[in-house]
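Participant: Input structure: coords27.cif, which contains mmCIF, C-alpha atoms and all ligand atoms.
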```cif
data_model
#
loop_
_atom_site.label_atom_id
_atom_site.label_comp_id
_atom_site.auth_asym_id
_atom_site.auth_seq_id
_atom_site.Cartn_x
_atom_site.Cartn_y
_atom_site.Cartn_z
CA MET K 1 -38.54 -29.47 -36.29
CA LYS K 2 -37.92 -29.72 -32.57
CA VAL K 3 -40.89 -28.99 -30.32
CA ALA K 4 -40.71 -28.40 -26.56
CA PHE K 5 -43.58 -28.84 -24.13
CA GLU K 6 -43.26 -26.74 -20.98
CA LEU K 7 -44.97 -29.11 -18.58
CA SER K 8 -46.79 -28.12 -15.43
CA GLY K 9 -45.17 -29.24 -12.19
CA GLU K 10 -48.46 -30.40 -10.65
CA HIS K 11 -47.59 -34.04 -11.22
CA GLU K 12 -44.40 -35.90 -12.01
CA THR K 13 -45.60 -38.22 -14.78
CA LEU K 14 -49.11 -37.24 -15.94
CA PRO K 15 -48.13 -34.13 -17.98
CA LYS K 16 -45.72 -36.02 -20.24
CA ALA K 17 -48.06 -39.04 -20.47
CA GLU K 18 -50.81 -36.69 -21.61
CA VAL K 19 -48.64 -35.28 -24.42
CA LEU K 20 -47.69 -38.81 -25.52
CA GLY K 21 -51.34 -39.93 -25.40
CA CYS K 22 -52.37 -37.04 -27.67
CA LEU K 23 -49.54 -37.69 -30.15
CA GLU K 24 -50.65 -41.33 -30.28
CA ALA K 25 -54.25 -40.22 -30.91
CA PHE K 26 -53.00 -38.48 -34.05
CA ASP K 27 -50.87 -41.49 -35.02
CA THR K 28 -47.89 -39.15 -35.32
CA CYS K 29 -44.28 -40.25 -35.86
CA PHE K 30 -41.86 -38.44 -33.55
CA LYS K 31 -38.61 -38.98 -31.68
CA GLU K 32 -37.97 -38.04 -28.04
CA VAL K 33 -35.06 -35.60 -27.84
CA ALA K 34 -34.95 -34.65 -24.16
CA ASP K 35 -36.97 -35.52 -21.09
CA LEU K 36 -36.05 -32.94 -18.46
CA ASP K 37 -37.74 -31.65 -15.34
CA MET K 38 -40.93 -29.96 -16.62
CA LEU K 39 -39.59 -29.81 -20.18
CA PHE K 40 -40.16 -32.48 -22.80
CA ILE K 41 -38.66 -32.09 -26.28
CA ILE K 42 -39.48 -34.09 -29.39
CA GLU K 43 -38.40 -34.07 -33.03
CA ILE K 44 -41.43 -34.12 -35.31
CA GLU K 45 -42.06 -33.36 -38.97
CA GLU K 46 -45.39 -31.62 -38.53
CA MET K 47 -47.11 -30.82 -35.22
CA PRO K 48 -50.69 -32.10 -35.05
CA SER K 49 -53.16 -29.72 -33.41
CA ILE K 50 -53.06 -31.13 -29.91
CA ALA K 51 -52.40 -27.88 -28.05
CA SER K 52 -56.01 -27.01 -27.26
CA ARG K 53 -56.53 -30.49 -25.77
CA LEU K 54 -53.74 -30.36 -23.23
CA ALA K 55 -54.41 -29.61 -19.55
CA MET K 56 -50.99 -30.08 -17.95
CA THR K 57 -48.79 -28.18 -20.41
CA HIS K 58 -48.21 -24.43 -20.12
CA ASN K 59 -46.54 -23.60 -23.43
CA ILE K 60 -45.46 -25.27 -26.64
CA LEU K 61 -42.31 -23.95 -28.33
CA GLU K 62 -40.57 -24.44 -31.60
CA VAL K 63 -37.03 -25.05 -30.33
CA LEU K 64 -34.42 -22.87 -32.04
CA GLY K 65 -31.46 -24.00 -29.95
CA PHE K 66 -30.29 -25.77 -26.84
CA CYS K 67 -27.25 -24.94 -24.67
CA PRO K 68 -25.84 -25.11 -21.12
CA ALA K 69 -27.76 -22.84 -18.74
CA ASP K 70 -25.07 -20.18 -18.19
CA THR K 71 -25.15 -16.54 -19.31
CA ASP K 72 -22.30 -16.81 -21.86
CA SER K 73 -23.66 -19.91 -23.61
CA ILE K 74 -27.17 -18.40 -23.72
CA ALA K 75 -25.83 -15.10 -25.14
CA ASP K 76 -23.88 -17.05 -27.73
CA LEU K 77 -26.91 -19.08 -28.73
CA VAL K 78 -29.30 -16.10 -28.94
CA GLY K 79 -26.73 -14.11 -30.92
CA THR K 80 -26.09 -16.73 -33.58
CA VAL K 81 -29.10 -18.98 -33.98
CA ASP K 82 -31.52 -18.60 -36.91
CA LEU K 83 -34.40 -16.67 -35.30
CA ASN K 84 -36.82 -17.38 -38.08
CA LEU K 85 -38.15 -13.82 -37.61
CA LYS K 86 -39.24 -11.38 -40.35
CA LYS K 87 -37.69 -7.91 -40.29
CA ASP K 88 -41.06 -6.21 -39.72
CA GLU K 89 -42.04 -8.50 -36.85
CA THR K 90 -41.73 -7.32 -33.24
CA PHE K 91 -40.60 -9.58 -30.42
CA CYS K 92 -40.12 -9.96 -26.68
CA VAL K 93 -38.17 -12.47 -24.62
CA ARG K 94 -39.57 -14.35 -21.64
CA ALA K 95 -37.56 -16.69 -19.45
CA ARG K 96 -38.44 -19.33 -16.92
CA GLN K 97 -36.26 -21.24 -14.52
CA VAL K 98 -37.55 -24.62 -13.36
CA LYS K 99 -37.19 -25.02 -9.60
CA GLU K 100 -33.54 -23.77 -9.26
CA HIS K 101 -32.76 -20.06 -9.00
CA VAL K 102 -29.31 -19.83 -10.55
CA LEU K 103 -29.74 -16.85 -12.86
CA ASN K 104 -31.73 -13.65 -12.53
CA ILE K 105 -34.65 -14.14 -14.89
CA SER K 106 -35.40 -10.51 -15.59
CA ASP K 107 -31.69 -9.77 -16.32
CA LEU K 108 -31.63 -12.77 -18.63
CA GLU K 109 -34.71 -11.52 -20.52
CA LYS K 110 -33.15 -8.05 -20.89
CA GLN K 111 -29.79 -9.42 -22.06
CA ALA K 112 -31.33 -11.76 -24.62
CA GLY K 113 -33.70 -8.99 -25.77
CA ALA K 114 -30.75 -6.60 -26.26
CA ILE K 115 -28.88 -9.18 -28.34
CA ILE K 116 -31.87 -9.76 -30.63
CA TYR K 117 -32.45 -5.98 -30.84
CA LYS K 118 -28.83 -5.53 -32.00
CA ARG K 119 -29.50 -8.10 -34.70
CA GLY K 120 -31.94 -5.56 -36.16
CA TYR K 121 -35.34 -6.50 -34.74
CA ARG K 122 -37.90 -4.34 -32.91
CA VAL K 123 -38.96 -4.95 -29.32
CA ASP K 124 -42.59 -4.78 -28.22
CA LEU K 125 -43.10 -5.91 -24.65
CA LYS K 126 -46.88 -5.42 -24.66
CA ASN K 127 -48.07 -6.90 -27.92
CA PRO K 128 -45.21 -8.62 -29.73
CA ASP K 129 -45.67 -10.60 -32.93
CA VAL K 130 -43.28 -13.23 -31.62
CA VAL K 131 -42.49 -14.33 -28.08
CA PHE K 132 -39.11 -16.00 -27.60
CA ARG K 133 -38.76 -18.18 -24.53
CA LEU K 134 -35.73 -19.34 -22.60
CA VAL K 135 -36.46 -22.33 -20.39
CA LEU K 136 -33.78 -23.34 -17.92
CA THR K 137 -33.91 -26.74 -16.32
CA GLN K 138 -31.39 -29.25 -14.98
CA GLY K 139 -28.42 -27.14 -16.10
CA LYS K 140 -29.69 -26.84 -19.69
CA CYS K 141 -31.43 -24.06 -21.56
CA ALA K 142 -33.89 -24.42 -24.43
CA PHE K 143 -34.41 -21.32 -26.57
CA GLY K 144 -37.56 -21.30 -28.62
CA LYS K 145 -40.37 -19.46 -30.29
CA LEU K 146 -43.75 -19.68 -28.59
CA MET K 147 -46.17 -21.64 -30.78
CA TYR K 148 -49.05 -22.00 -28.32
CA SER K 149 -49.96 -21.05 -24.76
CA VAL K 150 -52.46 -23.36 -23.11
CA ASP K 151 -55.46 -21.62 -21.53
CA ARG K 152 -55.57 -23.39 -18.19
CA THR K 153 -58.11 -21.00 -16.68
CA GLN K 154 -60.94 -22.83 -18.48
CA TYR K 155 -60.36 -25.82 -16.18
CA GLU K 156 -60.88 -23.63 -13.12
CA SER K 157 -64.24 -22.49 -14.43
CA ARG K 158 -65.40 -26.12 -14.68
CA ARG K 159 -64.36 -27.19 -11.18
CA PRO K 160 -66.93 -29.64 -9.71
CA HIS K 161 -68.53 -27.15 -7.28
CA ARG K 162 -69.10 -24.67 -10.11
CA ARG K 163 -71.15 -27.12 -12.17
CA LEU K 164 -74.95 -27.12 -12.06
CA PHE K 165 -75.02 -30.58 -10.47
CA PHE K 166 -72.48 -31.20 -7.73
CA HIS K 167 -71.62 -34.30 -5.74
CA PRO K 168 -68.39 -34.78 -3.76
CA GLY K 169 -65.70 -37.07 -5.09
CA ALA K 170 -65.43 -35.84 -8.68
CA LEU K 171 -61.98 -35.51 -10.26
CA LEU K 172 -60.62 -32.04 -10.96
CA PRO K 173 -61.18 -31.10 -14.62
CA ARG K 174 -57.43 -30.87 -15.36
CA VAL K 175 -56.94 -34.40 -14.08
CA ALA K 176 -60.02 -35.67 -15.92
CA ARG K 177 -58.78 -34.03 -19.15
CA ALA K 178 -55.30 -35.52 -18.74
CA LEU K 179 -56.84 -38.98 -18.30
CA VAL K 180 -58.97 -38.50 -21.42
CA ASN K 181 -55.81 -37.55 -23.33
CA ILE K 182 -53.89 -40.52 -21.93
CA SER K 183 -56.62 -42.77 -23.40
CA SER K 184 -55.56 -41.49 -26.86
CA ILE K 185 -59.17 -40.93 -27.90
CA CYS K 186 -59.45 -39.34 -31.37
CA GLU K 187 -61.81 -36.53 -32.24
CA GLY K 188 -65.13 -38.13 -33.20
CA GLY K 189 -64.26 -41.39 -31.40
CA THR K 190 -66.56 -42.88 -28.77
CA LEU K 191 -65.48 -42.70 -25.13
CA LEU K 192 -67.25 -44.66 -22.39
CA ASP K 193 -67.28 -43.88 -18.66
CA PRO K 194 -69.19 -46.76 -17.02
CA PHE K 195 -69.04 -45.08 -13.55
CA CYS K 196 -69.83 -41.58 -14.76
CA GLY K 197 -71.03 -39.95 -11.50
CA THR K 198 -71.52 -36.23 -12.14
CA GLY K 199 -70.04 -36.53 -15.63
CA GLY K 200 -66.67 -34.87 -15.03
CA ILE K 201 -64.71 -37.20 -17.33
CA LEU K 202 -67.39 -37.09 -20.02
CA ILE K 203 -67.42 -33.26 -20.01
CA GLU K 204 -63.68 -33.19 -20.71
CA ALA K 205 -63.99 -35.93 -23.32
CA GLY K 206 -66.89 -34.15 -25.01
CA LEU K 207 -64.97 -30.87 -25.17
CA THR K 208 -62.16 -32.62 -27.07
CA GLY K 209 -64.73 -33.70 -29.68
CA ALA K 210 -65.33 -37.27 -28.50
CA ARG K 211 -68.78 -38.87 -28.57
CA CYS K 212 -69.66 -39.69 -24.98
CA ILE K 213 -71.38 -42.69 -23.41
CA GLY K 214 -71.87 -42.76 -19.65
CA ALA K 215 -73.50 -45.06 -17.14
CA ASP K 216 -74.10 -44.97 -13.41
CA VAL K 217 -76.23 -47.14 -11.09
CA GLN K 218 -77.68 -44.11 -9.39
CA ARG K 219 -80.52 -42.40 -11.23
CA LYS K 220 -79.75 -39.04 -9.56
CA MET K 221 -76.18 -39.20 -10.91
CA VAL K 222 -77.34 -39.89 -14.44
CA LEU K 223 -79.84 -37.01 -14.31
CA GLY K 224 -77.18 -34.72 -12.80
CA ALA K 225 -74.52 -35.73 -15.32
CA ASN K 226 -77.05 -35.08 -18.08
CA THR K 227 -77.65 -31.55 -16.74
CA ASN K 228 -73.89 -30.91 -16.54
CA LEU K 229 -73.17 -32.21 -20.03
CA ARG K 230 -75.99 -30.19 -21.63
CA HIS K 231 -74.72 -27.07 -19.86
CA TYR K 232 -71.46 -27.40 -21.80
CA GLY K 233 -73.31 -28.22 -25.04
CA ILE K 234 -72.19 -31.85 -25.02
CA GLY K 235 -74.51 -34.51 -26.41
CA GLY K 236 -73.99 -38.21 -25.91
CA GLU K 237 -75.83 -41.09 -24.33
CA LEU K 238 -76.29 -41.52 -20.61
CA MET K 239 -77.93 -44.53 -19.02
CA ILE K 240 -78.85 -45.86 -15.62
CA GLY K 241 -76.89 -49.07 -15.65
CA ASP K 242 -74.54 -51.44 -13.88
CA ALA K 243 -70.95 -51.25 -15.08
CA ARG K 244 -70.73 -55.03 -14.67
CA ASN K 245 -73.32 -55.58 -17.34
CA LEU K 246 -73.90 -52.76 -19.82
CA GLY K 247 -76.03 -53.50 -22.84
CA LEU K 248 -73.36 -52.29 -25.28
CA ALA K 249 -72.07 -54.31 -28.23
CA ASP K 250 -68.68 -56.07 -28.21
CA ASN K 251 -65.74 -54.00 -29.53
CA SER K 252 -67.94 -50.92 -29.88
CA VAL K 253 -66.09 -48.10 -28.06
CA ASP K 254 -62.78 -46.42 -28.89
CA ALA K 255 -61.66 -45.61 -25.34
CA VAL K 256 -62.73 -46.02 -21.73
CA VAL K 257 -61.82 -43.57 -19.00
CA THR K 258 -63.30 -44.21 -15.61
CA ASP K 259 -63.07 -43.48 -11.91
CA PRO K 260 -64.91 -46.34 -10.15
CA PRO K 261 -65.84 -46.09 -6.47
CA TYR K 262 -62.97 -46.57 -4.04
CA GLY K 263 -62.57 -46.44 -0.31
CA ARG K 264 -64.52 -48.80 1.95
CA SER K 265 -67.27 -46.25 2.51
CA ALA K 266 -67.94 -45.67 -1.19
CA LEU K 267 -71.39 -46.35 -2.51
CA PHE K 268 -71.30 -49.16 -5.02
CA ARG K 269 -73.45 -51.96 -6.33
CA ALA K 270 -71.61 -55.31 -6.13
CA ARG K 271 -70.80 -58.02 -3.56
CA SER K 272 -67.46 -56.34 -2.78
CA LEU K 273 -65.17 -53.74 -4.32
CA GLU K 274 -62.95 -56.56 -5.70
CA ASP K 275 -66.02 -58.13 -7.32
CA LEU K 276 -66.97 -54.74 -8.77
CA TYR K 277 -63.49 -54.25 -10.32
CA ASP K 278 -63.34 -57.83 -11.53
CA CYS K 279 -66.71 -57.85 -13.29
CA SER K 280 -66.56 -54.27 -14.61
CA LEU K 281 -63.04 -54.70 -16.05
CA LYS K 282 -64.20 -57.84 -17.87
CA GLU K 283 -67.17 -55.86 -19.21
CA ILE K 284 -64.92 -52.94 -20.26
CA HIS K 285 -62.61 -55.40 -22.01
CA ARG K 286 -65.54 -56.89 -23.92
CA ILE K 287 -66.85 -53.50 -25.08
CA LEU K 288 -63.52 -51.83 -25.97
CA ARG K 289 -62.17 -52.13 -29.51
CA PRO K 290 -59.03 -54.29 -29.79
CA GLY K 291 -55.81 -52.26 -29.85
CA ASN K 292 -57.44 -49.44 -27.86
CA LYS K 293 -56.90 -48.05 -24.36
CA ALA K 294 -58.73 -47.92 -21.05
CA VAL K 295 -57.60 -45.58 -18.27
CA VAL K 296 -58.82 -46.63 -14.83
CA VAL K 297 -58.46 -44.90 -11.47
CA SER K 298 -58.39 -46.91 -8.22
CA GLN K 299 -57.08 -46.79 -4.71
CA ILE K 300 -55.93 -50.40 -4.53
CA PRO K 301 -53.65 -52.14 -7.05
CA ILE K 302 -55.88 -53.59 -9.77
CA GLU K 303 -53.28 -54.60 -12.37
CA LYS K 304 -53.76 -58.31 -11.64
CA ILE K 305 -57.57 -58.02 -11.91
CA ALA K 306 -57.17 -56.06 -15.17
CA GLU K 307 -54.74 -58.61 -16.57
CA ASP K 308 -57.08 -61.47 -15.61
CA ALA K 309 -59.78 -59.62 -17.55
CA GLY K 310 -57.53 -59.76 -20.63
CA PHE K 311 -55.78 -56.37 -20.51
CA THR K 312 -52.09 -55.54 -20.70
CA THR K 313 -50.95 -52.78 -18.33
CA ILE K 314 -48.97 -50.20 -20.31
CA GLY K 315 -48.76 -47.26 -17.89
CA HIS K 316 -48.90 -46.44 -14.18
CA HIS K 317 -49.22 -43.16 -12.30
CA ARG K 318 -49.81 -42.35 -8.66
CA GLN K 319 -51.47 -39.18 -7.47
CA ARG K 320 -51.49 -38.25 -3.80
CA VAL K 321 -54.79 -36.51 -3.05
CA HIS K 322 -54.47 -36.29 0.76
CA LYS K 323 -53.02 -38.24 3.69
CA SER K 324 -55.38 -41.18 3.32
CA LEU K 325 -55.97 -41.16 -0.43
CA THR K 326 -53.45 -41.87 -3.16
CA ARG K 327 -55.03 -42.51 -6.51
CA ARG K 328 -53.54 -45.12 -8.79
CA ILE K 329 -54.07 -44.51 -12.46
CA ILE K 330 -53.41 -47.31 -14.90
CA ARG K 331 -53.40 -47.31 -18.68
CA LEU K 332 -54.55 -50.59 -20.13
CA GLU K 333 -54.50 -51.93 -23.65
CA LYS K 334 -56.79 -54.52 -25.15
CA MET K 335 -54.53 -56.57 -27.41
CA ARG K 336 -55.49 -57.02 -31.06
C1 LIG K 401 -66.00 -42.06 -7.80
S1 LIG K 401 -67.62 -41.86 -8.41
C2 LIG K 401 -67.34 -41.24 -10.03
C3 LIG K 401 -67.10 -39.76 -10.03
C4 LIG K 401 -67.07 -39.19 -11.41
N1 LIG K 401 -65.77 -39.33 -12.05
C5 LIG K 401 -67.49 -37.72 -11.42
O1 LIG K 401 -66.94 -36.93 -12.20
O2 LIG K 401 -68.40 -37.35 -10.67
C6 LIG K 401 -68.16 -43.50 -8.72
C7 LIG K 401 -69.56 -43.67 -9.26
O3 LIG K 401 -69.79 -45.06 -9.52
C8 LIG K 401 -71.17 -45.32 -9.33
N2 LIG K 401 -71.36 -46.79 -9.16
C9 LIG K 401 -71.19 -47.56 -8.08
N3 LIG K 401 -71.40 -48.87 -8.38
C10 LIG K 401 -71.69 -48.92 -9.70
C11 LIG K 401 -71.98 -49.95 -10.62
N4 LIG K 401 -72.02 -51.23 -10.24
N5 LIG K 401 -72.19 -49.62 -11.92
C12 LIG K 401 -72.16 -48.32 -12.33
N6 LIG K 401 -71.92 -47.29 -11.49
C13 LIG K 401 -71.67 -47.58 -10.22
C14 LIG K 401 -71.55 -44.49 -8.12
O4 LIG K 401 -72.93 -44.22 -8.14
C15 LIG K 401 -70.66 -43.24 -8.31
O5 LIG K 401 -71.41 -42.20 -8.94
#
```
In structure tokens, what does this structure look like?
Ligand SMILES: C[S@@+](CC[C@H](N)C(=O)[O-])C[C@H]1O[C@@H](n2cnc3c(N)ncnc32)[C@H](O)[C@@H]1O

Facilitator:
Amino acid sequence: MKVAFELSGEHETLPKAEVLGCLEAFDTCFKEVADLDMLFIIEIEEMPSIASRLAMTHNILEVLGFCPADTDSIADLVGTVDLNLKKDETFCVRARQVKEHVLNISDLEKQAGAIIYKRGYRVDLKNPDVVFRLVLTQGKCAFGKLMYSVDRTQYESRRPHRRLFFHPGALLPRVARALVNISSICEGGTLLDPFCGTGGILIEAGLTGARCIGADVQRKMVLGANTNLRHYGIGGELMIGDARNLGLADNSVDAVVTDPPYGRSALFRARSLEDLYDCSLKEIHRILRPGNKAVVVSQIPIEKIAEDAGFTTIGHHRQRVHKSLTRRIIRLEKMR
């Protein structure tokens, strides 16, 4: 079947990377069908249950058809395609136009709804059994059946200032969750954050079912992260420790996701920031299982340092936070 991910527009590359990271976590075979603005379509035999993990996807659809984004082609498609709908099931149609405003969305919903109604199905706008969606982007239209809507409000409720222990500089939960997903951590796998701060990454990892290990040089951070994790019912091990020398066994963790200090004014323990990256990336490389991924956030380019530590860089993203801070996010692999 063809599956479409309606991606959020909050970042250009992270939403798709997050979907790919989750599919990799499930070791799923799939083929990319279309990579459009805020719409990513794949061909897959059976969808693994990744929907509840995603932070930067709005909806997941089973694609019924694909056509040019004009009224006649859409009417044609909706009128002829196999709807995969039982006679006693009610439906409604929802449409979304990415960025452009070529067609009137509410007219489009009404027209498509009328066509399906004429095919003998009952409309229920309030509580339908099936929601059909039309997604228009880059001159194309995907018509599909809603499989899953992602509850993105949960991320708002976990924003850093709403947690029991707060300290400035923590990532937003949606970003932290996307990074956890990009690490391709499996449920039950062990994820390490050696610069855990208030525990934002570990909370998101724990909620996906990962076993969490965190370290920070500051005792108050470790105590605070512990309070935050327990609040969300997440277990795991937290330690006061130096990311350059953690007492963990070689090849013992399944993924690393971390947000080390950046900016010249950041508090860190090392001779210099370069020394901190250099030694901690070597330590992360030692502890990570071969074939697995580390996702590291920085402000300066650290690919060369990571590669000197033994990693291969397999993904890059940039996220502008404000005028003087653009985060670089790299996905690293420890070769087998
Ligand atoms: C950018 S903050 C991490 C924020 C974190 N993602 C959160 O959710 O709060 C970086 C953290 O690294 C810690 N740190 C600095 N030097 C360290 C070192 N050598 N080893 C371990 N942690 C260190 C700091 O205490 C700080 O809490």

Participant: Give the answer as one residue: which of K:Arg163, K:Lys140, K:Arg336, K:Lys323 has the shortest atom-to-atom distance to ligand LIG 401 (chain K), using all atoms listed in the file?

Facilitator: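 Ranked by minimum distance to ligand LIG 401 (chain K), first place goes to K:Arg163.
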
Participant: Mind giving me the straight-line distance from atom C14 of ligand LIG 401 (chain K) to CA of His316 (chain K) in Å, one decimal?

Facilitator: 23.5 Å

Participant: Looking at all atoms listed in the file, which of K:Thr80, K:Thr13, K:Asn127, K:Thr190 is the one that sits closest to Val93 (chain K)?

Facilitator: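 Distance minimum relative to Val93 (chain K) lands on K:Asn127.
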
Participant: Figure out the distance between atom N5 of ligand LIG 401 (chain K) and CA of Arg271 (chain K), please, to one decimal in Å.

Facilitator: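 Going from CA of Arg271 (chain K) over to atom N5 of ligand LIG 401 (chain K) covers 11.9 Å.
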
Participant: May I ask which of the residues K:Glu24, K:Glu333, K:Glu204, K:Glu237 is the closest one to ligand LIG 401 (chain K), counting all atoms listed in the file?

Facilitator: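 Ranked by minimum distance to ligand LIG 401 (chain K), first place goes to K:Glu204.
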
Participant: Please report, as a Markdown table, each residue of chain K lying at most 8 Å from ligand LIG 401 (chain K), together with the nearest pair of atoms and the separation in Å rounded to one decimal; use only C-alpha atoms and all ligand atoms, and order rows by chain and ascending residue number.

Facilitator:
```
| residue | atom | partner | partner_atom | distance |
| --- | --- | --- | --- | --- |
| K:Pro160 | CA | K:LIG401 | O1 | 7.7 |
| K:Phe166 | CA | K:LIG401 | O2 | 7.9 |
| K:His167 | CA | K:LIG401 | O2 | 6.6 |
| K:Pro168 | CA | K:LIG401 | O2 | 7.4 |
| K:Gly169 | CA | K:LIG401 | C1 | 5.7 |
| K:Ala170 | CA | K:LIG401 | O2 | 3.9 |
| K:Leu171 | CA | K:LIG401 | O1 | 5.5 |
| K:Ala176 | CA | K:LIG401 | N1 | 7.8 |
| K:Pro194 | CA | K:LIG401 | C12 | 5.8 |
| K:Phe195 | CA | K:LIG401 | O3 | 4.1 |
| K:Cys196 | CA | K:LIG401 | C4 | 5.0 |
| K:Gly197 | CA | K:LIG401 | O5 | 3.4 |
| K:Thr198 | CA | K:LIG401 | O2 | 3.6 |
| K:Gly199 | CA | K:LIG401 | O1 | 4.6 |
| K:Gly200 | CA | K:LIG401 | O1 | 3.5 |
| K:Ile201 | CA | K:LIG401 | O1 | 5.6 |
| K:Leu202 | CA | K:LIG401 | O1 | 7.8 |
| K:Ala215 | CA | K:LIG401 | C12 | 6.0 |
| K:Asp216 | CA | K:LIG401 | N6 | 3.7 |
| K:Val217 | CA | K:LIG401 | N6 | 4.3 |
| K:Gln218 | CA | K:LIG401 | O4 | 4.9 |
| K:Met221 | CA | K:LIG401 | O5 | 6.0 |
| K:Ala225 | CA | K:LIG401 | O2 | 7.9 |
| K:Ile240 | CA | K:LIG401 | C12 | 7.9 |
| K:Gly241 | CA | K:LIG401 | C12 | 5.8 |
| K:Asp242 | CA | K:LIG401 | N5 | 3.6 |
| K:Ala243 | CA | K:LIG401 | N5 | 3.8 |
| K:Arg244 | CA | K:LIG401 | N4 | 6.0 |
| K:Thr258 | CA | K:LIG401 | N1 | 6.5 |
| K:Asp259 | CA | K:LIG401 | N1 | 5.0 |
| K:Pro260 | CA | K:LIG401 | C6 | 4.5 |
| K:Pro261 | CA | K:LIG401 | C6 | 4.1 |
| K:Tyr262 | CA | K:LIG401 | C1 | 6.6 |
| K:Ala266 | CA | K:LIG401 | C1 | 7.8 |
| K:Leu267 | CA | K:LIG401 | C9 | 5.7 |
| K:Phe268 | CA | K:LIG401 | N3 | 3.4 |
| K:Arg269 | CA | K:LIG401 | N4 | 4.2 |
| K:Ala270 | CA | K:LIG401 | N4 | 5.8 |
| K:Leu276 | CA | K:LIG401 | N4 | 6.3 |
| K:Ser280 | CA | K:LIG401 | N4 | 7.6 |
```

Participant: If we count all atoms listed in the file and set the cut-off at 10 Å, which residues sit around Phe66 (chain K), ignoring sequence neighbours fewer than 4 positions away in its own chain? Please answer as a list in words.

Facilitator: Ser73, Ile74, Leu77, Val78, Val81, Leu134, Val135, Leu136, Lys140, Cys141, Ala142, Phe143 and Gly144 of chain K

Participant: Next, the residues of the selection above should be written as a short mmCIF file (atom, residue, chain, number, x, y, z; two decimals), in the frame of the given file with C-alpha atoms.

Facilitator:
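To be explicit, this is the file written out as out-v9.cif:
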```cif
data_model
loop_
_atom_site.label_atom_id
_atom_site.label_comp_id
_atom_site.auth_asym_id
_atom_site.auth_seq_id
_atom_site.Cartn_x
_atom_site.Cartn_y
_atom_site.Cartn_z
CA SER K 73 -23.66 -19.91 -23.61
CA ILE K 74 -27.17 -18.40 -23.72
CA LEU K 77 -26.91 -19.08 -28.73
CA VAL K 78 -29.30 -16.10 -28.94
CA VAL K 81 -29.10 -18.98 -33.98
CA LEU K 134 -35.73 -19.34 -22.60
CA VAL K 135 -36.46 -22.33 -20.39
CA LEU K 136 -33.78 -23.34 -17.92
CA LYS K 140 -29.69 -26.84 -19.69
CA CYS K 141 -31.43 -24.06 -21.56
CA ALA K 142 -33.89 -24.42 -24.43
CA PHE K 143 -34.41 -21.32 -26.57
CA GLY K 144 -37.56 -21.30 -28.62
#
```

Participant: For region 45-54 of chain K, please output as a PyMOL selection string all residues within 9 Å (counting only C-alpha atoms; exclusion window: fewer than 5 positions along the same chain).

Facilitator: chain K and resi 1-3+15+18-19+22-23+26+28-30+59-60+148-152+174+177-178+181+207-208

Participant: What is the CA of Asp76 (chain K) to CA of Ala34 (chain K) distance in Å?

Facilitator: 21.1 Å

Participant: Identify, on the basis of only C-alpha atoms, every residue whose closest approach to Leu125 (chain K) does not exceed 10 Å; exclude the query and any residue fewer than 4 positions from it along the same chain; express the result as a list of chain:residue names.

Facilitator: K:Thr90, K:Phe91, K:Cys92, K:Val93, K:Arg94, K:Gly113, K:Asp129, K:Val131

Participant: Please export region 5-19 of chain K as an mmCIF file, in the first residue's frame, restricted to C-alpha atoms.

Facilitator:
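Wrote out_34.cif, looks like this:
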```cif
data_model
loop_
_atom_site.group_PDB
_atom_site.id
_atom_site.type_symbol
_atom_site.label_atom_id
_atom_site.label_comp_id
_atom_site.auth_asym_id
_atom_site.auth_seq_id
_atom_site.Cartn_x
_atom_site.Cartn_y
_atom_site.Cartn_z
ATOM 1 C CA PHE K 5 2.911 11.472 5.797
ATOM 2 C CA GLU K 6 1.534 14.999 6.057
ATOM 3 C CA LEU K 7 4.627 16.679 7.451
ATOM 4 C CA SER K 8 4.667 19.770 9.606
ATOM 5 C CA GLY K 9 6.198 22.856 8.016
ATOM 6 C CA GLU K 10 8.194 23.787 11.126
ATOM 7 C CA HIS K 11 11.425 22.570 9.578
ATOM 8 C CA GLU K 12 12.515 21.732 6.052
ATOM 9 C CA THR K 13 14.321 18.432 6.643
ATOM 10 C CA LEU K 14 13.708 17.159 10.195
ATOM 11 C CA PRO K 15 10.103 15.915 9.680
ATOM 12 C CA LYS K 16 11.028 13.565 6.829
ATOM 13 C CA ALA K 17 14.258 12.481 8.558
ATOM 14 C CA GLU K 18 12.208 11.586 11.624
ATOM 15 C CA VAL K 19 9.871 9.358 9.580
#
```
